[in-house]
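Colleague: Just entry23.pdb, nothing more (PDB, C-alpha atoms):
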```
ATOM      1  CA  MET C   1      21.676  -4.272  12.933
ATOM      2  CA  PRO C   2      24.296  -2.918  10.490
ATOM      3  CA  GLY C   3      23.453  -1.297   7.179
ATOM      4  CA  LEU C   4      24.353  -3.385   4.171
ATOM      5  CA  GLY C   5      25.130  -2.584   0.559
ATOM      6  CA  LEU C   6      22.089  -2.003  -1.655
ATOM      7  CA  GLY C   7      22.768  -5.042  -3.775
ATOM      8  CA  LEU C   8      22.606  -7.522  -0.897
ATOM      9  CA  GLU C   9      19.397  -9.374  -0.037
ATOM     10  CA  LEU C  10      18.770 -10.246   3.587
ATOM     11  CA  PRO C  11      16.468 -12.975   4.875
ATOM     12  CA  LYS C  12      13.504 -11.593   6.774
ATOM     13  CA  MET C  13      14.104 -11.930  10.490
ATOM     14  CA  ILE C  14      12.001 -11.672  13.622
ATOM     15  CA  ASP C  15      12.382  -8.439  15.562
ATOM     16  CA  GLY C  16      11.254  -9.855  18.886
ATOM     17  CA  SER C  17       7.824  -8.224  18.967
ATOM     18  CA  SER C  18       5.062 -10.193  20.665
ATOM     19  CA  SER C  19       2.381  -7.580  19.979
ATOM     20  CA  LEU C  20      -0.948  -8.481  18.465
ATOM     21  CA  GLY C  21      -1.240  -7.187  14.907
ATOM     22  CA  ILE C  22      -4.196  -5.506  13.219
ATOM     23  CA  ILE C  23      -5.245  -8.740  11.549
ATOM     24  CA  ASP C  24      -5.035 -10.660  14.846
ATOM     25  CA  ARG C  25      -7.432  -8.199  16.480
ATOM     26  CA  LEU C  26     -10.066  -8.878  13.847
ATOM     27  CA  GLY C  27     -10.212 -12.527  14.880
ATOM     28  CA  GLY C  28      -9.834 -15.435  12.472
ATOM     29  CA  ILE C  29      -9.493 -13.220   9.444
ATOM     30  CA  VAL C  30      -6.116 -14.579   8.294
ATOM     31  CA  ALA C  31      -7.862 -17.726   7.077
ATOM     32  CA  SER C  32     -10.495 -15.571   5.371
ATOM     33  CA  GLY C  33      -8.627 -14.001   2.525
ATOM     34  CA  PHE C  34      -5.760 -11.803   3.769
ATOM     35  CA  VAL C  35      -3.345 -11.866   0.814
ATOM     36  CA  LEU C  36      -1.265  -8.680   0.853
ATOM     37  CA  GLY C  37      -0.211  -6.265   3.566
ATOM     38  CA  PHE C  38       2.160  -3.301   3.853
ATOM     39  CA  SER C  39       2.013  -1.137   6.949
ATOM     40  CA  TYR C  40       3.877   0.820   9.603
ATOM     41  CA  HIS C  41       1.840  -1.408  11.933
ATOM     42  CA  LEU C  42       2.536  -5.082  12.549
ATOM     43  CA  LEU C  43      -0.416  -6.785  10.844
ATOM     44  CA  THR C  44      -0.153 -10.209  12.449
ATOM     45  CA  ARG C  45       2.140 -11.566  15.155
ATOM     46  CA  ASP C  46       2.644 -14.649  12.988
ATOM     47  CA  TYR C  47       4.708 -12.438  10.689
ATOM     48  CA  LYS C  48       8.368 -12.748  11.685
ATOM     49  CA  GLY C  49       9.935 -10.332   9.225
ATOM     50  CA  TYR C  50      10.864  -6.715   8.770
ATOM     51  CA  CYS C  51       8.596  -3.768   8.045
ATOM     52  CA  LEU C  52      10.634  -2.207   5.238
ATOM     53  CA  ARG C  53      14.109  -1.507   3.914
ATOM     54  CA  VAL C  54      15.430   2.054   4.155
ATOM     55  CA  ARG C  55      18.157   3.605   2.002
ATOM     56  CA  ARG C  56      19.928   6.705   3.243
ATOM     57  CA  ALA C  57      20.901   9.306   0.667
ATOM     58  CA  SER C  58      24.334  10.149   2.059
ATOM     59  CA  ASP C  59      25.997   6.903   0.999
ATOM     60  CA  ASP C  60      23.164   4.710  -0.402
ATOM     61  CA  ASP C  61      23.644   2.230   2.440
ATOM     62  CA  VAL C  62      20.503   0.298   3.399
ATOM     63  CA  LEU C  63      19.014  -1.126   6.566
ATOM     64  CA  ASP C  64      16.078  -3.463   7.193
ATOM     65  CA  ILE C  65      13.736  -1.965   9.801
ATOM     66  CA  GLY C  66      11.576  -4.045  12.139
ATOM     67  CA  PHE C  67       8.835  -3.295  14.660
ATOM     68  CA  VAL C  68       8.820  -2.177  18.284
ATOM     69  CA  ASN C  69       5.620  -2.799  20.233
ATOM     70  CA  GLY C  70       3.744  -3.441  17.004
ATOM     71  CA  TYR C  71       4.836  -0.244  15.195
ATOM     72  CA  ILE C  72       7.678   0.553  12.837
ATOM     73  CA  ASP C  73      10.993   1.168  14.592
ATOM     74  CA  TYR C  74      11.235   4.849  13.731
ATOM     75  CA  VAL C  75      14.058   5.341  16.237
ATOM     76  CA  ALA C  76      16.235   2.983  14.216
ATOM     77  CA  ILE C  77      15.348   4.936  11.060
ATOM     78  CA  ALA C  78      16.237   8.245  12.724
ATOM     79  CA  THR C  79      19.566   6.861  13.928
ATOM     80  CA  PHE C  80      20.454   5.352  10.558
ATOM     81  CA  CYS C  81      19.407   8.416   8.528
ATOM     82  CA  ALA C  82      20.590  11.165  10.880
ATOM     83  CA  GLY C  83      21.635  14.206   8.880
ATOM     84  CA  THR C  84      20.374  12.922   5.532
ATOM     85  CA  ASN C  85      17.175  11.844   3.777
ATOM     86  CA  GLY C  86      15.848   8.293   3.902
ATOM     87  CA  PHE C  87      13.952   6.422   1.183
ATOM     88  CA  VAL C  88      12.061   3.125   0.903
ATOM     89  CA  ALA C  89      13.687   0.460  -1.249
ATOM     90  CA  ILE C  90      11.353  -2.380  -0.166
ATOM     91  CA  ARG C  91       8.053  -2.607   1.699
ATOM     92  CA  TYR C  92       7.850  -6.180   2.919
ATOM     93  CA  ASN C  93       4.629  -8.118   2.401
ATOM     94  CA  GLN C  94       3.441  -9.172   5.844
ATOM     95  CA  TYR C  95       1.223 -11.911   4.416
ATOM     96  CA  SER C  96       4.060 -14.193   3.294
ATOM     97  CA  ALA C  97       7.663 -14.290   2.229
ATOM     98  CA  GLY C  98       8.115 -12.680  -1.153
ATOM     99  CA  ASN C  99       5.691 -10.570  -3.181
ATOM    100  CA  ASP C 100       7.202  -7.456  -1.641
ATOM    101  CA  ALA C 101       6.706  -3.925  -2.993
ATOM    102  CA  VAL C 102      10.055  -2.946  -4.490
ATOM    103  CA  GLN C 103      11.753   0.009  -6.162
ATOM    104  CA  VAL C 104      15.336  -0.444  -7.401
ATOM    105  CA  VAL C 105      15.552   2.940  -9.167
ATOM    106  CA  LEU C 106      16.917   5.250  -6.481
ATOM    107  CA  ALA C 107      15.248   8.401  -7.839
ATOM    108  CA  SER C 108      11.822   6.694  -7.738
ATOM    109  CA  GLN C 109      11.937   5.482  -4.151
ATOM    110  CA  PRO C 110       9.352   7.039  -1.802
ATOM    111  CA  LYS C 111      10.666   9.118   1.083
ATOM    112  CA  ILE C 112      10.348   8.064   4.737
ATOM    113  CA  TYR C 113      12.807  10.318   6.552
ATOM    114  CA  ASP C 114      13.580  14.007   6.053
ATOM    115  CA  SER C 115      16.969  15.376   7.089
ATOM    116  CA  VAL C 116      15.294  18.424   8.646
ATOM    117  CA  THR C 117      11.858  17.323   9.896
ATOM    118  CA  GLY C 118      12.668  13.672  10.647
ATOM    119  CA  PHE C 119      10.544  10.526  10.383
ATOM    120  CA  ILE C 120       7.450  10.846   8.144
ATOM    121  CA  ASP C 121       4.732   9.341  10.319
ATOM    122  CA  ASP C 122       1.886  10.009   7.842
ATOM    123  CA  GLY C 123       3.221   7.189   5.663
ATOM    124  CA  ILE C 124       5.788   6.768   2.911
ATOM    125  CA  GLU C 125       5.838   9.961   0.854
ATOM    126  CA  LEU C 126       5.310   9.827  -2.925
ATOM    127  CA  ASP C 127       6.410  12.926  -4.827
ATOM    128  CA  GLY C 128       3.823  12.892  -7.652
ATOM    129  CA  THR C 129       6.570  12.866 -10.291
ATOM    130  CA  ASP C 130       8.198   9.437 -10.472
ATOM    131  CA  ASP C 131       7.866   7.660  -7.110
ATOM    132  CA  TYR C 132       6.193   4.234  -7.011
ATOM    133  CA  LEU C 133       6.590   0.632  -5.842
ATOM    134  CA  THR C 134       5.834  -2.538  -7.780
ATOM    135  CA  VAL C 135       4.641  -5.999  -6.748
ATOM    136  CA  VAL C 136       4.992  -8.607  -9.505
ATOM    137  CA  ASP C 137       3.936 -12.179 -10.182
ATOM    138  CA  TYR C 138       1.452 -12.564  -7.357
ATOM    139  CA  VAL C 139      -1.179 -15.186  -8.167
ATOM    140  CA  ALA C 140      -3.230 -14.434  -5.028
ATOM    141  CA  MET C 141      -3.968 -10.985  -6.461
ATOM    142  CA  GLN C 142      -5.523 -12.175  -9.700
ATOM    143  CA  ILE C 143      -9.052 -10.890 -10.258
ATOM    144  CA  THR C 144     -10.719 -14.197 -11.030
ATOM    145  CA  SER C 145     -13.711 -13.937  -8.691
ATOM    146  CA  PRO C 146     -16.136 -11.124  -7.856
ATOM    147  CA  VAL C 147     -14.400 -10.041  -4.646
ATOM    148  CA  LEU C 148     -11.205  -8.091  -4.043
ATOM    149  CA  ASN C 149     -11.061  -5.788  -1.015
ATOM    150  CA  ILE C 150      -8.531  -3.021  -0.417
ATOM    151  CA  TYR C 151      -8.131  -1.046   2.793
ATOM    152  CA  MET C 152      -5.756   1.914   2.867
ATOM    153  CA  ASN C 153      -4.642   4.767   5.120
ATOM    154  CA  ARG C 154      -3.821   7.589   2.720
ATOM    155  CA  LYS C 155      -3.011  11.319   2.851
ATOM    156  CA  SER C 156      -2.930  13.471  -0.285
ATOM    157  CA  ILE C 157      -0.816  16.556  -0.896
ATOM    158  CA  ASP C 158      -2.754  18.026  -3.809
ATOM    159  CA  ALA C 159      -5.969  17.689  -5.809
ATOM    160  CA  ASP C 160      -5.222  16.143  -9.196
ATOM    161  CA  THR C 161      -5.915  12.891 -11.022
ATOM    162  CA  ARG C 162      -3.478  10.325  -9.670
ATOM    163  CA  TYR C 163      -3.407   6.545  -9.224
ATOM    164  CA  ILE C 164      -2.872   5.250  -5.692
ATOM    165  CA  PHE C 165      -3.132   1.473  -6.187
ATOM    166  CA  ALA C 166      -3.563  -0.177  -9.571
ATOM    167  CA  LYS C 167      -3.898  -3.573 -11.209
ATOM    168  CA  ASN C 168      -4.256  -2.676 -14.836
ATOM    169  CA  GLU C 169      -3.103  -3.524 -18.326
ATOM    170  CA  PHE C 170      -2.587  -0.497 -20.570
ATOM    171  CA  THR C 171      -3.364  -2.354 -23.802
ATOM    172  CA  THR C 172      -6.774  -3.513 -22.563
ATOM    173  CA  THR C 173      -9.641  -2.046 -20.558
ATOM    174  CA  VAL C 174      -9.019  -4.371 -17.617
ATOM    175  CA  THR C 175      -8.434  -2.163 -14.575
ATOM    176  CA  TYR C 176      -8.998  -2.314 -10.849
ATOM    177  CA  ALA C 177      -7.640   0.758  -9.120
ATOM    178  CA  LEU C 178      -8.056   3.257  -6.324
ATOM    179  CA  ILE C 179      -7.507   6.721  -7.705
ATOM    180  CA  GLN C 180      -7.756  10.359  -6.739
ATOM    181  CA  THR C 181      -9.442  12.757  -9.150
ATOM    182  CA  VAL C 182      -9.386  16.558  -9.008
ATOM    183  CA  THR C 183     -12.310  16.550  -6.588
ATOM    184  CA  ARG C 184     -12.790  13.087  -5.065
ATOM    185  CA  TYR C 185     -11.437   9.629  -4.443
ATOM    186  CA  ALA C 186     -12.794   6.902  -6.702
ATOM    187  CA  LEU C 187     -12.653   3.204  -7.485
ATOM    188  CA  LYS C 188     -11.949   2.572 -11.154
ATOM    189  CA  VAL C 189     -13.492  -0.621 -12.491
ATOM    190  CA  ASP C 190     -12.320  -1.201 -16.061
ATOM    191  CA  THR C 191     -13.397   2.062 -17.783
ATOM    192  CA  THR C 192     -15.871   3.298 -15.166
ATOM    193  CA  LEU C 193     -15.207   5.529 -12.149
ATOM    194  CA  ILE C 194     -17.206   5.011  -8.957
ATOM    195  CA  TYR C 195     -16.843   8.297  -7.109
ATOM    196  CA  SER C 196     -16.833   8.693  -3.358
ATOM    197  CA  ASP C 197     -18.656  11.667  -1.857
ATOM    198  CA  VAL C 198     -15.644  12.800   0.193
ATOM    199  CA  TYR C 199     -13.884  15.889  -1.128
ATOM    200  CA  ALA C 200     -11.113  16.671   1.406
ATOM    201  CA  PHE C 201      -7.661  15.396   0.530
ATOM    202  CA  THR C 202      -5.142  16.981   2.877
ATOM    203  CA  THR C 203      -5.787  14.861   5.972
ATOM    204  CA  ASN C 204      -5.377  11.122   6.401
ATOM    205  CA  LYS C 205      -8.354   9.211   5.008
ATOM    206  CA  ILE C 206      -9.262   5.562   5.425
ATOM    207  CA  LEU C 207     -10.082   4.301   1.937
ATOM    208  CA  ALA C 208     -11.731   0.979   1.169
ATOM    209  CA  ALA C 209     -12.867  -0.557  -2.083
ATOM    210  CA  TRP C 210     -14.329  -3.886  -3.027
ATOM    211  CA  ASN C 211     -16.393  -5.351  -5.793
ATOM    212  CA  GLY C 212     -19.172  -6.150  -3.503
ATOM    213  CA  THR C 213     -21.054  -8.682  -1.481
ATOM    214  CA  GLY C 214     -21.938 -10.498  -4.685
ATOM    215  CA  VAL C 215     -21.612 -10.341  -8.450
ATOM    216  CA  ASN C 216     -22.113  -6.900 -10.069
ATOM    217  CA  GLU C 217     -21.708  -4.799  -6.971
ATOM    218  CA  SER C 218     -18.692  -2.560  -6.444
ATOM    219  CA  LEU C 219     -18.189  -0.144  -3.593
ATOM    220  CA  VAL C 220     -15.895   2.687  -2.520
ATOM    221  CA  GLU C 221     -15.808   3.906   1.065
ATOM    222  CA  VAL C 222     -13.922   6.903   2.422
ATOM    223  CA  ASP C 223     -13.989   7.639   6.152
ATOM    224  CA  GLY C 224     -17.142   5.585   6.518
ATOM    225  CA  SER C 225     -19.082   7.182   3.672
ATOM    226  CA  ILE C 226     -20.174   4.488   1.175
ATOM    227  CA  ILE C 227     -20.996   4.743  -2.515
ATOM    228  CA  ARG C 228     -22.179   1.580  -4.307
ATOM    229  CA  SER C 229     -22.344   0.638  -7.979
ATOM    230  CA  THR C 230     -23.666  -2.245 -10.066
ATOM    231  CA  LEU C 231     -20.274  -3.106 -11.531
ATOM    232  CA  ASN C 232     -17.561  -5.646 -11.007
ATOM    233  CA  PRO C 233     -14.083  -5.928 -12.579
ATOM    234  CA  SER C 234     -13.513  -8.086 -15.606
ATOM    235  CA  PRO C 235     -11.853 -11.396 -14.701
ATOM    236  CA  SER C 236      -8.131 -11.064 -15.180
ATOM    237  CA  ASN C 237      -4.958 -13.055 -14.633
ATOM    238  CA  LEU C 238      -2.914  -9.860 -14.265
ATOM    239  CA  THR C 239      -0.514 -10.251 -11.368
ATOM    240  CA  LYS C 240       1.439  -6.990 -11.437
ATOM    241  CA  ILE C 241       0.472  -4.336  -8.903
ATOM    242  CA  VAL C 242       1.671  -0.730  -8.897
ATOM    243  CA  ILE C 243       1.521   1.332  -5.710
ATOM    244  CA  GLY C 244       1.551   5.075  -6.318
ATOM    245  CA  ALA C 245       0.997   4.910 -10.087
ATOM    246  CA  ARG C 246      -0.523   2.787 -12.889
ATOM    247  CA  ASN C 247       0.846   0.818 -15.826
ATOM    248  CA  GLY C 248       1.134   3.134 -18.822
ATOM    249  CA  PRO C 249       2.285   2.681 -22.432
ATOM    250  CA  GLY C 250       4.967   0.029 -22.721
ATOM    251  CA  ASP C 251       4.185  -1.050 -19.165
ATOM    252  CA  VAL C 252       5.916   2.110 -17.900
ATOM    253  CA  PRO C 253       4.254   3.620 -14.787
ATOM    254  CA  THR C 254       2.417   6.936 -15.091
ATOM    255  CA  SER C 255      -0.223   9.064 -13.268
ATOM    256  CA  PHE C 256       1.896   9.195 -10.108
ATOM    257  CA  ALA C 257       0.359   9.704  -6.674
ATOM    258  CA  ASN C 258       1.327  12.749  -4.636
ATOM    259  CA  GLY C 259       1.016  12.156  -0.892
ATOM    260  CA  ASN C 260       1.455   9.501   1.757
ATOM    261  CA  ILE C 261       0.451   5.852   2.138
ATOM    262  CA  LYS C 262       0.751   4.348   5.606
ATOM    263  CA  THR C 263      -1.094   1.045   5.294
ATOM    264  CA  ILE C 264      -2.391  -1.192   2.494
ATOM    265  CA  ILE C 265      -4.286  -4.367   3.374
ATOM    266  CA  VAL C 266      -5.823  -6.530   0.660
ATOM    267  CA  PHE C 267      -8.237  -9.463   0.979
ATOM    268  CA  ASN C 268      -9.548 -11.729  -1.762
ATOM    269  CA  THR C 269     -12.708 -12.366   0.243
ATOM    270  CA  ASN C 270     -15.431  -9.943   1.272
ATOM    271  CA  ARG C 271     -14.540  -8.055   4.466
ATOM    272  CA  GLU C 272     -17.050  -5.210   4.129
ATOM    273  CA  ASN C 273     -18.311  -5.706   7.678
ATOM    274  CA  ASP C 274     -14.798  -5.212   9.046
ATOM    275  CA  TYR C 275     -14.416  -1.649   7.741
ATOM    276  CA  THR C 276     -15.131   0.131  11.026
ATOM    277  CA  LYS C 277     -12.770  -2.076  13.005
ATOM    278  CA  ILE C 278      -9.962  -1.901  10.448
ATOM    279  CA  ALA C 279     -10.364   1.877  10.128
ATOM    280  CA  SER C 280      -9.937   2.249  13.880
ATOM    281  CA  LEU C 281      -6.648   0.331  13.800
ATOM    282  CA  VAL C 282      -4.721   1.512  10.752
TER
END
```
Show this structure as structure tokens.
Modeller:
Amino acid sequence: MPGLGLGLELPKMIDGSSSLGIIDRLGGIVASGFVLGFSYHLLTRDYKGYCLRVRRASDDDVLDIGFVNGYIDYVAIATFCAGTNGFVAIRYNQYSAGNDAVQVVLASQPKIYDSVTGFIDDGIELDGTDDYLTVVDYVAMQITSPVLNIYMNRKSIDADTRYIFAKNEFTTTVTYALIQTVTRYALKVDTTLIYSDVYAFTTNKILAAWNGTGVNESLVEVDGSIIRSTLNPSPSNLTKIVIGARNGPGDVPTSFANGNIKTIIVFNTNRENDYTKIASLV
């Protein structure tokens, strides 16, 4: 699979994997609200595309990376990026064609391969300064009903206030975001923070957030510890999603995350009862 110039767009192609994905192992869940998925893991065997697109720093050449036995082909990344650093230009959405998480600014692309230490297995690495990915114009992610579930495998490098996943509009109070504060993870619903009771940041944590089993009930869960609230996000037709930051003044990202994100799975139906199973897989 040759590297191609950064400006070229490739069609997504099957990599030959017949492995069951995370979503498949949950049983029937694809028809129950799976709308967005980025992961080192293959999420469903019905997905016939790549995992992500890597850019190597030595010559800015790029390569689309698939899966081997249901996991990202890190050998291909190591071969392609040998002797240099590797960065993520695109994380492909495993739910459907399009709606990928993209970064065209080279300096803002998250890192996935280090020239000295090799493949970054904890997840794509965000530097806390200007790294982020954006998903735009995605109707399935509109907050128009009282349920939006996010599952994430996340590792933090420091303790500071940073946005990990955000659907927000800076000029209004409409916000739905997973964030990290100085002491804890939290779900931000419009102007209110729903704090988790988990304080450790420097190991991988399984985060989940959803606005409940019904109207006016939001929830944040970190490594199985649940905190509930009597809130739900304001209805919104916002379709832009920022991974690793939030929309700031002039729609320019700010509050950058510092750490790693391995998996993001989003449902627009309530999957609260699947937390334990999903957490064991991601």
Colleague: Could you tell me which residues the PyMOL selection byres ((chain C and resi 175) around 6) returns for this structure, as a list in words?
Modeller: Lys167, Asn168, Val174, Tyr176, Val189 and Asp190 of chain C
Colleague: Please measure the separation of atom CA of C:Tyr95 and atom CA of C:Leu187, giving the value in Å to one decimal.
Modeller: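 Between atom CA of C:Tyr95 and atom CA of C:Leu187 the gap works out to 23.7 Å.
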Colleague: Have a look at atom CA of C:Gln94 and atom CA of C:Ile206 and let me know their distance in Å, one decimal.
Modeller: 19.5 Å
Colleague: Measuring atom to atom with all atoms listed in the file, identify which of C:Val54, C:Ala107, C:Ile157, C:Val222 is nearest to C:Thr276.
Modeller: C:Val222
Colleague: Smallest atom-to-atom distance to C:Val266: which of C:Ala78, C:Ala209, C:Ala57, C:Leu106, using all atoms listed in the file?
Modeller: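 Looking only at the distances to C:Val266, the closest residue turns out to be C:Ala209.
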Colleague: Quick one: distance from atom CA of C:Thr181 to atom CA of C:Asp251 in Å, one decimal?
Modeller: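 Pair atom CA of C:Thr181 / atom CA of C:Asp251 returns 21.8 Å.
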Colleague: With all atoms listed in the file as the counted atoms, please give the residues lying no more than 7 Å from C:Asp64, apart from itself and same-chain residues fewer than 3 positions off, as a list of chain:residue names.
Modeller: C:Tyr50, C:Leu52, C:Arg53, C:Val54
Colleague: Using all atoms listed in the file, determine which residues lie at most 7 Å from stretch 123-136 of chain C, disregarding the query and same-chain residues fewer than 2 positions distant; provide the list as a ChimeraX atom specification.
Modeller: /C:99-103,108-112,120-121,138,239-245,256-262
Colleague: Using all atoms listed in the file, pick whichever of C:Ala82, C:Leu281, C:Leu42, C:Val182 has the shortest atom-to-atom distance to C:Tyr195.
Modeller: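 When distances to C:Tyr195 are compared using all atoms listed in the file, the smallest one comes from C:Val182.
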Colleague: Selected by the PyMOL selection byres ((chain C and resi 184) around 7) in the shown coordinates: which residues, as a list in words?
Modeller: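 Given this file, the PyMOL selection byres ((chain C and resi 184) around 7) evaluates to Gln180, Thr181, Val182, Thr183, Tyr185, Ala186, Tyr195, Ser196, Asp197, Val198 and Tyr199 of chain C.
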Colleague: Using all atoms listed in the file, find the one residue out of C:Thr84, C:Phe165, C:Ile194, C:Leu178 that sits nearest to C:Val116.
Modeller: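 Of C:Thr84, C:Phe165, C:Ile194, C:Leu178, the one nearest C:Val116, counting all atoms listed in the file, is C:Thr84.
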Colleague: Between C:Phe267, C:Phe80, C:Phe170, C:Tyr275, which is the closest to C:Gly250 once you count only C-alpha atoms?
Modeller: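 Closest candidate: C:Phe170.
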Colleague: Could you write out as a list in words the residues that the PyMOL selection byres ((chain C and resi 66) around 6) matches in the shown file?
Modeller: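 Applied to this file, the PyMOL selection byres ((chain C and resi 66) around 6) returns Asp15, Tyr50, Cys51, Ile65, Phe67 and Asp73 of chain C.
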Colleague: Counting only C-alpha atoms, which residue out of C:Ser280, C:Phe34, C:Ile265, C:Arg246 sits closest to C:Gly224?
Modeller: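 Smallest distance to C:Gly224 is found for C:Ser280.
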Colleague: Around all the atoms of stretch 128-132 of chain C listed in the file, draw an axis-aligned box and extend it by 4 Å on each of the six sides; I want its centre and edge lengths in Å to one decimal, as AutoDock Vina command-line options.
Modeller:
```
--center_x 6.0 --center_y 8.6 --center_z -8.7 --size_x 12.4 --size_y 16.7 --size_z 11.5
```
Colleague: I need stretch 67-84 of chain C written out with C-alpha atoms, as a CSV table (one decimal), in the first residue's frame; please produce it.
Modeller:
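Output contents, as saved in part_19.csv:
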```csv
chain,number,residue,atom,x,y,z
C,67,PHE,CA,-6.7,-3.4,10.6
C,68,VAL,CA,-5.1,-6.7,11.3
C,69,ASN,CA,-7.1,-9.2,13.4
C,70,GLY,CA,-9.5,-6.4,14.4
C,71,TYR,CA,-6.8,-4.0,15.6
C,72,ILE,CA,-4.9,-1.1,13.9
C,73,ASP,CA,-2.0,-2.3,11.7
C,74,TYR,CA,0.7,-0.8,13.8
C,75,VAL,CA,3.4,-2.7,11.9
C,76,ALA,CA,2.5,-0.8,8.8
C,77,ILE,CA,2.7,2.4,10.7
C,78,ALA,CA,6.1,1.5,12.1
C,79,THR,CA,7.4,0.5,8.6
C,80,PHE,CA,6.1,3.7,7.0
C,81,CYS,CA,7.3,6.1,9.8
C,82,ALA,CA,10.6,4.4,10.6
C,83,GLY,CA,13.1,7.0,11.7
C,84,THR,CA,10.7,9.9,11.9
```
